[in-house]
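Colleague: One file: final34.pdb (PDB, C-alpha atoms).
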```pdb
ATOM      1  CA  MET A   9      53.640  22.150  -9.852
ATOM      2  CA  LEU A  10      54.282  21.281  -6.224
ATOM      3  CA  ASP A  11      51.801  22.329  -3.532
ATOM      4  CA  ASP A  12      54.306  24.740  -1.938
ATOM      5  CA  SER A  13      54.862  26.489  -5.258
ATOM      6  CA  GLN A  14      51.120  26.708  -5.836
ATOM      7  CA  LYS A  15      50.665  28.307  -2.400
ATOM      8  CA  ASP A  16      53.445  30.813  -3.094
ATOM      9  CA  ILE A  17      52.039  31.810  -6.479
ATOM     10  CA  PHE A  18      48.268  31.506  -6.008
ATOM     11  CA  GLY A  19      47.846  31.799  -2.227
ATOM     12  CA  SER A  20      46.568  28.227  -1.917
ATOM     13  CA  THR A  21      46.816  24.906  -3.689
ATOM     14  CA  PHE A  22      44.920  24.609  -6.938
ATOM     15  CA  LYS A  23      42.578  21.948  -5.547
ATOM     16  CA  ARG A  24      41.565  24.232  -2.650
ATOM     17  CA  MET A  25      40.652  27.164  -4.898
ATOM     18  CA  SER A  26      37.064  27.958  -5.779
ATOM     19  CA  GLN A  27      35.922  26.863  -9.215
ATOM     20  CA  GLU A  28      35.761  30.510 -10.273
ATOM     21  CA  ARG A  29      39.374  31.096  -9.214
ATOM     22  CA  ARG A  30      40.557  27.923 -10.970
ATOM     23  CA  VAL A  31      39.018  29.115 -14.236
ATOM     24  CA  ILE A  32      40.767  32.478 -13.886
ATOM     25  CA  VAL A  33      44.121  30.827 -13.165
ATOM     26  CA  LEU A  34      43.783  28.391 -16.076
ATOM     27  CA  ASN A  35      42.965  31.289 -18.379
ATOM     28  CA  LYS A  36      45.829  33.470 -17.159
ATOM     29  CA  ILE A  37      48.420  30.720 -17.569
ATOM     30  CA  GLY A  38      47.137  29.931 -21.069
ATOM     31  CA  MET A  39      45.576  26.530 -20.375
ATOM     32  CA  ILE A  40      42.144  27.708 -21.552
ATOM     33  CA  ASP A  41      41.231  30.509 -23.942
ATOM     34  CA  ASP A  42      38.804  33.382 -23.320
ATOM     35  CA  GLU A  43      35.942  31.574 -25.077
ATOM     36  CA  THR A  44      36.309  28.530 -22.803
ATOM     37  CA  LYS A  45      36.528  30.778 -19.758
ATOM     38  CA  SER A  46      33.271  32.414 -20.837
ATOM     39  CA  LEU A  47      31.599  29.023 -21.325
ATOM     40  CA  PHE A  48      32.656  27.914 -17.820
ATOM     41  CA  ASN A  49      31.203  31.143 -16.444
ATOM     42  CA  ASP A  50      27.942  30.618 -18.355
ATOM     43  CA  VAL A  51      27.614  27.126 -16.854
ATOM     44  CA  LYS A  52      28.369  28.527 -13.394
ATOM     45  CA  GLU A  53      25.650  31.190 -13.674
ATOM     46  CA  ILE A  54      22.986  28.671 -14.644
ATOM     47  CA  HIS A  55      24.162  26.293 -11.912
ATOM     48  CA  ARG A  56      23.919  29.043  -9.290
ATOM     49  CA  LYS A  57      20.305  29.650 -10.224
ATOM     50  CA  TYR A  58      19.456  26.081  -9.172
ATOM     51  CA  LEU A  59      21.509  26.103  -5.984
ATOM     52  CA  HIS A  60      18.888  28.454  -4.628
ATOM     53  CA  HIS A  61      15.891  26.938  -6.400
ATOM     54  CA  TYR A  62      13.571  27.530  -3.452
ATOM     55  CA  SER A  63      13.914  31.279  -3.889
ATOM     56  CA  LYS A  64      13.426  31.215  -7.672
ATOM     57  CA  GLY A  65      11.147  29.381 -10.012
ATOM     58  CA  MET A  66      12.390  26.443 -12.036
ATOM     59  CA  ASN A  67      10.367  27.289 -15.138
ATOM     60  CA  ASP A  68      13.428  27.238 -17.397
ATOM     61  CA  ALA A  69      14.879  23.924 -16.216
ATOM     62  CA  SER A  70      14.572  22.135 -19.564
ATOM     63  CA  ASN A  71      15.939  25.075 -21.517
ATOM     64  CA  ASP A  72      18.765  25.565 -19.010
ATOM     65  CA  ALA A  73      19.657  21.867 -19.203
ATOM     66  CA  LEU A  74      20.012  22.180 -22.974
ATOM     67  CA  LYS A  75      22.181  25.279 -22.564
ATOM     68  CA  ILE A  76      24.426  23.464 -20.062
ATOM     69  CA  PHE A  77      24.752  20.538 -22.470
ATOM     70  CA  GLU A  78      25.649  22.889 -25.321
ATOM     71  CA  PHE A  79      28.203  24.819 -23.245
ATOM     72  CA  THR A  80      29.906  21.719 -21.869
ATOM     73  CA  SER A  81      29.994  20.110 -25.326
ATOM     74  CA  LYS A  82      31.904  23.148 -26.571
ATOM     75  CA  ILE A  83      34.280  23.017 -23.605
ATOM     76  CA  ILE A  84      35.102  19.366 -24.216
TER
END
```
Could you take the file, read its structure, and then write that structure out as structure tokens?

Modeller:
Amino acid sequence: MLDDSQKDIFGSTFKRMSQERRVIVLNKIGMIDDETKSLFNDVKEIHRKYLHHYSKGMNDASNDALKIFEFTSKII
């Protein structure tokens, strides 16, 4: 899809959208199913926890790394 068409339909080009918005768009146009959308969101939530690691403990880092690996393995 051309950039102009993307802007008309989505309000911006796909590459300029947030990751969250891209997942929604891919789901709505049938490129990913609801389970994959949920897995992407699970990865995002764990990732967010570590973006602000100074405000939260990192006690679950090993467990979270395993979860991320599991989620991304299912996505692929």

Colleague: Translate the PyMOL selection byres ((chain A and resi 74-76) around 12) into a concrete residue list for this structure, as a ChimeraX atom specification.

Modeller: /A:47-55,68-73,77-83

Colleague: At what distance in Å, to one decimal, does CA of Arg24 (chain A) lie from CA of Asp12 (chain A)?

Modeller: 12.8 Å

Colleague: Can you pull out the residues contacting Met9 (chain A)? Cut-off 12 Å, using all atoms listed in the file, and skip same-chain residues under 5 positions away; I want them as a list in words.

Modeller: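 In the requested format, the answer is Gln14, Lys15, Asp16, Ile17, Phe18, Thr21, Phe22 and Lys23 of chain A.
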
Colleague: CA of Glu28 (chain A) and CA of Lys45 (chain A) are how many Å apart?

Modeller: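 Between CA of Glu28 (chain A) and CA of Lys45 (chain A) the gap is 9.5 Å.
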
Colleague: Could you check how far CA of Tyr58 (chain A) sits from CA of Arg30 (chain A), in Å to one decimal?

Modeller: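 Pair CA of Tyr58 (chain A) / CA of Arg30 (chain A) returns 21.3 Å.
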
Colleague: So that all listed atoms of region 18-30 of chain A fit with 8 Å spare on each side, what axis-aligned box centre and edge lengths in Å, to one decimal, would you give as JSON?

Modeller:
```
{"center_x": 42.0, "center_y": 26.9, "center_z": -6.4, "size_x": 28.5, "size_y": 25.9, "size_z": 25.1}
```
